[in-house]
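Asks: This is the structure I have questions about; it appears just below.
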Amino acid sequence: MIDDIYGYSNTMIVAALGKRVRDYRLRSRLTQEELAELAGVSTLTLKKLESVISSLFSEV
């Protein structure tokens, strides 16, 4: 978990947020579609947020 966000890039912060959202969704046994509806965002937005994690590590 990021304690001091000022030491991280924007990409790292978004990746950490995406991981937390995905972890919450899975613990809650929600699909991306269900969580997107509950959060008031599009499914595509949620998918993009969660995919930052995998795209970040595929660049390494």
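Note on naming: chains are A, B, ... as they come in the structure tokens, residues start from 1 per chain, ligands start from 1 in the order shown.
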Just the residues within 6 Å of segment 16-31 of chain A, please, counting only C-alpha atoms, with nothing from its chain fewer than 3 positions along; format it as a PyMOL selection string.
Replies: chain A and resi 13+34+49-50
Asks: Would you mind exporting the chosen residues as a short mmCIF file (atom, residue, chain, number, x, y, z; two decimals), in the first residue's frame, restricted to N, CA and C atoms?
Replies:
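Everything below was put into result_3.cif:
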data_model
loop_
_atom_site.label_atom_id
_atom_site.label_comp_id
_atom_site.auth_asym_id
_atom_site.auth_seq_id
_atom_site.Cartn_x
_atom_site.Cartn_y
_atom_site.Cartn_z
N ILE A 13 0.29 5.40 -8.86
CA ILE A 13 -0.86 5.70 -8.00
C ILE A 13 -2.13 5.11 -8.61
N GLU A 34 -21.48 -5.15 -12.62
CA GLU A 34 -22.23 -4.83 -11.41
C GLU A 34 -21.59 -3.68 -10.64
N LEU A 49 -9.41 0.99 -15.61
CA LEU A 49 -8.78 1.21 -14.31
C LEU A 49 -8.12 -0.07 -13.81
N GLU A 50 -8.83 -1.18 -13.89
CA GLU A 50 -8.28 -2.44 -13.43
C GLU A 50 -7.14 -2.93 -14.33
#
Asks: Between atom CA of Gly7 of chain A and atom CA of Lys48 of chain A, what is the distance, to one decimal in Å?
Replies: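 Atom CA of Lys48 of chain A lies at a distance of 23.6 Å from atom CA of Gly7 of chain A.
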Asks: Can you work out the spacing between atom CA of Val52 of chain A and atom CA of Asn10 of chain A in Å, to one decimal?
Replies: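 For atom CA of Val52 of chain A relative to atom CA of Asn10 of chain A, the distance reads 11.3 Å.
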Asks: When DSSP works through the backbone of this structure, what residues of segment 17-57 of chain A end up as helix (DSSP H, G or I), shown as a PyMOL selection string?
Replies: chain A and resi 17-27+32-39+43-57
Asks: Env of Gln32 of chain A: 8 Å cut, atoms = only C-alpha atoms, seq-sep filter 3 positions within chain, self excluded. Answer as a PDB file with all heavy atoms, in the first residue's frame.
Replies:
ATOM      1  N   ARG A  25     -13.732  -5.587  -5.538  1.00  0.00           N
ATOM      2  CA  ARG A  25     -14.753  -6.201  -6.397  1.00  0.00           C
ATOM      3  C   ARG A  25     -14.760  -7.715  -6.246  1.00  0.00           C
ATOM      4  O   ARG A  25     -15.834  -8.335  -6.095  1.00  0.00           O
ATOM      5  CB  ARG A  25     -14.506  -5.811  -7.865  1.00  0.00           C
ATOM      6  CG  ARG A  25     -15.508  -6.419  -8.828  1.00  0.00           C
ATOM      7  CD  ARG A  25     -15.265  -5.982 -10.252  1.00  0.00           C
ATOM      8  NE  ARG A  25     -13.997  -6.410 -10.798  1.00  0.00           N
ATOM      9  CZ  ARG A  25     -13.740  -7.644 -11.232  1.00  0.00           C
ATOM     10  NH1 ARG A  25     -14.655  -8.583 -11.173  1.00  0.00           N
ATOM     11  NH2 ARG A  25     -12.559  -7.939 -11.734  1.00  0.00           N
ATOM     12  N   LEU A  35     -20.265  -3.738 -10.463  1.00  0.00           N
ATOM     13  CA  LEU A  35     -19.583  -2.673  -9.719  1.00  0.00           C
ATOM     14  C   LEU A  35     -19.664  -1.347 -10.476  1.00  0.00           C
ATOM     15  O   LEU A  35     -19.878  -0.301  -9.871  1.00  0.00           O
ATOM     16  CB  LEU A  35     -18.129  -3.040  -9.430  1.00  0.00           C
ATOM     17  CG  LEU A  35     -17.352  -1.987  -8.627  1.00  0.00           C
ATOM     18  CD1 LEU A  35     -18.039  -1.690  -7.295  1.00  0.00           C
ATOM     19  CD2 LEU A  35     -15.921  -2.439  -8.414  1.00  0.00           C
ATOM     20  N   ALA A  36     -19.506  -1.399 -11.785  1.00  0.00           N
ATOM     21  CA  ALA A  36     -19.595  -0.172 -12.583  1.00  0.00           C
ATOM     22  C   ALA A  36     -20.962   0.483 -12.404  1.00  0.00           C
ATOM     23  O   ALA A  36     -21.053   1.699 -12.215  1.00  0.00           O
ATOM     24  CB  ALA A  36     -19.340  -0.482 -14.055  1.00  0.00           C
ATOM     25  N   THR A  43     -18.713   0.447 -17.672  1.00  0.00           N
ATOM     26  CA  THR A  43     -17.931  -0.785 -17.543  1.00  0.00           C
ATOM     27  C   THR A  43     -16.554  -0.593 -18.164  1.00  0.00           C
ATOM     28  O   THR A  43     -15.560  -1.069 -17.614  1.00  0.00           O
ATOM     29  CB  THR A  43     -18.670  -1.955 -18.216  1.00  0.00           C
ATOM     30  OG1 THR A  43     -19.958  -2.094 -17.619  1.00  0.00           O
ATOM     31  CG2 THR A  43     -17.919  -3.255 -18.039  1.00  0.00           C
ATOM     32  N   LEU A  46     -14.194   1.110 -15.710  1.00  0.00           N
ATOM     33  CA  LEU A  46     -13.738   0.186 -14.676  1.00  0.00           C
ATOM     34  C   LEU A  46     -12.717  -0.794 -15.237  1.00  0.00           C
ATOM     35  O   LEU A  46     -11.685  -1.066 -14.610  1.00  0.00           O
ATOM     36  CB  LEU A  46     -14.924  -0.566 -14.070  1.00  0.00           C
ATOM     37  CG  LEU A  46     -14.606  -1.461 -12.893  1.00  0.00           C
ATOM     38  CD1 LEU A  46     -14.008  -0.668 -11.737  1.00  0.00           C
ATOM     39  CD2 LEU A  46     -15.841  -2.205 -12.439  1.00  0.00           C
ATOM     40  N   LYS A  47     -12.963  -1.315 -16.430  1.00  0.00           N
ATOM     41  CA  LYS A  47     -12.022  -2.244 -17.054  1.00  0.00           C
ATOM     42  C   LYS A  47     -10.669  -1.581 -17.284  1.00  0.00           C
ATOM     43  O   LYS A  47      -9.623  -2.170 -17.048  1.00  0.00           O
ATOM     44  CB  LYS A  47     -12.576  -2.776 -18.381  1.00  0.00           C
ATOM     45  CG  LYS A  47     -13.686  -3.774 -18.193  1.00  0.00           C
ATOM     46  CD  LYS A  47     -14.206  -4.287 -19.522  1.00  0.00           C
ATOM     47  CE  LYS A  47     -15.305  -5.306 -19.284  1.00  0.00           C
ATOM     48  NZ  LYS A  47     -15.763  -5.949 -20.504  1.00  0.00           N
TER      49      LYS A  47
END
